[in-house]
Amino acid sequence: MSGAVIQSTITKLYKTIYPPGQDLSNFSKRKTPLGDRIRKVDSLYGANLTFPINFGLGHGVASSLTASIPDARTTHFDNWVYPCDTGTYPLYARITHDTPTIMRAKKDVGTFMRANTKSIQEHLDNMKMIRCGQQIWSDGAGNLAQVASVTGSDPVTTITLTNVSDSVKFTGDGNQYIVFNATRTGSSGGIRASVYKVAGVNRLTSSGTCILTVTRVSGAGAADPVANDYIYLYNTYDGGFLGIPSWIPSSDPTATTFYGVDRTKEMQMLSGWRGQWEGSISRSAAKLAHYMNAFIDPNTSALWLHPYRWWQLSEELKGEKMFMLDDARSLEWGTQVLKMVTPAGMVPVASDEYCPTDAGFLLNHDSWEIMTTGPLIHAADEDVSGLRLADADGLEYRFRSLAGFRCDNPGKNGRFPISQAV
């Protein structure tokens with residue numbers, strides 16, 4: 001008997017063995033640095049929530065008592081009115097288990113339980129990344145990325161993203177279903193009929209782009225994605241809460257009320273600060289910090305950038321011989337403990353993969369709040385822990401997140417545009 005025959009025979013008898021201590025961490029899991037810092041409050045109950053606003057000063061002040069009479073004015077009060085019905089944005093997850101598989105695992109219950117626990121945890125991780133990563137940095141539209149170009153026709157086979165940094169929002173496991181719309185927000189009727197799944201992700205090609213390998217699930221050529229379309233996770237168009245870019249918009253808001261408030265009365269106090277592009281990230285951030293000086297708290301504020309912009313900033317500072325790291329970690333090459341000096345004191349410069357690449361944000365963490373009904377993410381087990389599938393021999397487990405997002409004091413936050421190429 002030849003060696004090859006012996007080898008093939010013995011291979012049939014082998015069991016799959018994973019050596020002890022092997023890392024089974026999920027490669028697709030991403031950190032949500034800012035989302036982890038923002039407090040979560042179990043408060044979304046009733047018809048609406050009213051949060052008081054107080055700004056202005058008493059102006060009954062003059063050089064004589066009689067002169068102060070015409071100017072006797074109190075300070076100004078207003079209210080953010082947050083609707084608990086339309087302002088509660090749901091997010092659901094569903095996990096199913098095949099009952100015969102469960103029964104066959106009775107002799108090795110530990111294996112099944114480990115697989116079951118890991119499957120549930122990864123659904124929860126994905127929900128957390130959407131809530132605390134993607135959505136807090138979004139204006140509620142829900143777009144994951146934009147299409148730069150496609151290859152293939154009826155069906156499309158690959159999609160090149162406009163912004164390579166949006167690769168963080170995709171996984172190449174064949175389980176992520178996506179849809180497309182030519183209009184980023186406000187046009188749910190424009191969602192293309194074709195549904196695709198992401199079969200593979202090349203996060204950084206040799207030409208510096210991100211390319212998705214996709215497979216069409218349903219639809220036809222006329223409804224396939226084209227260049228400039230926006231990409232969405234299936235059934236999430238305009239489905240997220242209004243995140244940081246809505247509370248601190250890139251341009252001055254109009255008198256149209258925002259949660260019941262006309263923000264033009266006190267533009268910066270009610271909609272944050274907007275700096276200008278000064279030719280470099282460091283100069284733009286420093287100038288914004290100068291304007292915001294009275295509202296920066298070194299204990300709770302930080303400058304937030306996309307990791308690529310963080311790297312650009314570090315290169316700028318090296319070129320100007322101003323690159324300074326925290327003394328305690330100065331020997332660690334590549335450390336992220338970069339500090340920015342402001343008139344109010346030193347604040348850390350932090351990075352978040354979900355932060356937009358076209359702006360830098362000087363944020364006060366204590367002014368933000370994720371409102372929830374119950375825990376941020378929880379099992380939907382009010383009546384039963386599992387549901388029997390109607391058309392299969394299995395069980396279904398459901399998880400939900402009911403959440404909203406608000407800012408207590410927009411005036412403690414600001415942003416500036418970044419015009420450098422990515």
# chains A, B, ... in the order shown; residues from 1 in each chain; ligands from 1

$ residues_around --residues "Ser301 (chain A)" --least-positions-apart "6" --cutoff "10 Å" --atoms "only C-alpha atoms" --output "ChimeraX atom specification"
/A:295,346-349,362-367,412-413

$ residues_around --residues "region 126-128 of chain A" --least-positions-apart "3" --cutoff "10 Å" --atoms "only C-alpha atoms" --output "PyMOL selection string"
chain A and resi 28-32+35-36+91-93+121-123+131-135+376-377+399-401

$ select_by_dssp --residues "region 21-156 of chain A" --states "alpha helix (DSSP H)" --output "ChimeraX atom specification"
/A:33-37,65-68,99-104,109-129

$ residues_around --residues "region 386-395 of chain A" --least-positions-apart "3" --cutoff "12 Å" --atoms "only C-alpha atoms" --output "VMD selection string"
chain A and resid 94 to 103 379 to 383 398 to 399

$ closest_residue --among "A:Ile370, A:Pro417, A:Leu144, A:Val261" --to "Val81 (chain A)" --atoms "only C-alpha atoms"
A:Val261

$ residues_around --residues "Thr185 (chain A)" --least-positions-apart "5" --cutoff "9 Å" --atoms "only C-alpha atoms" --output "list in words"
Gly140, Ala141, Gly142, Asn143, Tyr237 and Asp238 of chain A

$ atom_distance --atom1 "CA of Met340 (chain A)" --atom2 "CA of Ser280 (chain A)"
14.2 Å

$ atom_distance --atom1 "CA of Asp125 (chain A)" --atom2 "CA of Leu242 (chain A)"
21.1 Å

$ atom_distance --atom1 "CA of Ile211 (chain A)" --atom2 "CA of Trp137 (chain A)"
22.8 Å

$ closest_residue --among "A:Ile178, A:Val164, A:Leu233, A:Leu402" --to "Tyr308 (chain A)" --atoms "only C-alpha atoms"
A:Val164

$ residues_around --residues "Ala182 (chain A)" --least-positions-apart "5" --cutoff "10 Å" --atoms "only C-alpha atoms" --output "list in words"
Gln146, Val147, Ser187, Gly190, Ile191, Arg192, Pro225, Val226, Ala227, Asn228, Asp229, Tyr230 and Ile231 of chain A

$ closest_residue --among "A:Ser43, A:Ser282, A:Ser165, A:Asn235" --to "Asp352 (chain A)" --atoms "only C-alpha atoms"
A:Ser165

$ residues_around --residues "Leu44 (chain A)" --least-positions-apart "3" --cutoff "10 Å" --atoms "only C-alpha atoms" --output "list in words"
Val41, Ala47, Asn48, Leu49, Tyr82, Pro83, Cys84, Asp85, Gly87, Thr88, Ile370, Met371, Thr372, Thr373, Gly374, Leu402, Ala403 and Gly404 of chain A

$ closest_residue --among "A:Trp311, A:Phe180, A:Tyr291, A:Phe51" --to "Asn409 (chain A)" --atoms "only C-alpha atoms"
A:Phe51

$ select_by_dssp --residues "region 58-265 of chain A" --states "strand (DSSP E)" --output "count of residues only"
56

$ closest_residue --among "A:Ser314, A:Thr183, A:Thr254, A:Thr160" --to "Ala350 (chain A)" --atoms "only C-alpha atoms"
A:Ser314

$ residues_around --residues "region 166-176 of chain A" --least-positions-apart "3" --cutoff "6 Å" --atoms "only C-alpha atoms" --output "list of chain:residue names"
A:Ala145, A:Asn163, A:Lys197, A:Val198, A:Ala199, A:Gly200, A:Val201, A:Arg203

$ write_last_selection --atoms "N, CA, C and O atoms" --output "mmCIF file, in the first residue's frame"
data_model
loop_
_atom_site.group_PDB
_atom_site.id
_atom_site.type_symbol
_atom_site.label_atom_id
_atom_site.label_comp_id
_atom_site.auth_asym_id
_atom_site.auth_seq_id
_atom_site.Cartn_x
_atom_site.Cartn_y
_atom_site.Cartn_z
ATOM 1 N N ALA A 145 -21.857 53.420 3.953
ATOM 2 C CA ALA A 145 -20.805 53.890 3.063
ATOM 3 C C ALA A 145 -21.445 54.365 1.767
ATOM 4 O O ALA A 145 -22.680 54.331 1.617
ATOM 5 N N ASN A 163 -14.981 55.823 0.512
ATOM 6 C CA ASN A 163 -14.084 56.096 1.637
ATOM 7 C C ASN A 163 -13.574 54.776 2.190
ATOM 8 O O ASN A 163 -14.353 53.973 2.720
ATOM 9 N N LYS A 197 -25.605 40.415 -0.468
ATOM 10 C CA LYS A 197 -24.911 40.060 0.752
ATOM 11 C C LYS A 197 -23.410 40.229 0.520
ATOM 12 O O LYS A 197 -22.918 40.068 -0.609
ATOM 13 N N VAL A 198 -22.698 40.574 1.574
ATOM 14 C CA VAL A 198 -21.251 40.798 1.485
ATOM 15 C C VAL A 198 -20.553 39.456 1.635
ATOM 16 O O VAL A 198 -20.562 38.854 2.706
ATOM 17 N N ALA A 199 -19.940 39.002 0.558
ATOM 18 C CA ALA A 199 -19.286 37.697 0.567
ATOM 19 C C ALA A 199 -17.801 37.790 0.913
ATOM 20 O O ALA A 199 -17.179 36.781 1.259
ATOM 21 N N GLY A 200 -17.232 38.995 0.828
ATOM 22 C CA GLY A 200 -15.822 39.160 1.139
ATOM 23 C C GLY A 200 -15.472 40.631 1.235
ATOM 24 O O GLY A 200 -16.141 41.481 0.647
ATOM 25 N N VAL A 201 -14.436 40.939 2.003
ATOM 26 C CA VAL A 201 -13.987 42.321 2.171
ATOM 27 C C VAL A 201 -12.478 42.386 2.004
ATOM 28 O O VAL A 201 -11.740 41.680 2.700
ATOM 29 N N ARG A 203 -10.098 45.088 2.807
ATOM 30 C CA ARG A 203 -10.191 46.355 3.524
ATOM 31 C C ARG A 203 -9.206 47.400 3.035
ATOM 32 O O ARG A 203 -9.465 48.605 3.165
#

$ closest_residue --among "A:Thr256, A:Asn181, A:Asn79, A:Thr86" --to "Thr236 (chain A)" --atoms "only C-alpha atoms"
A:Asn181
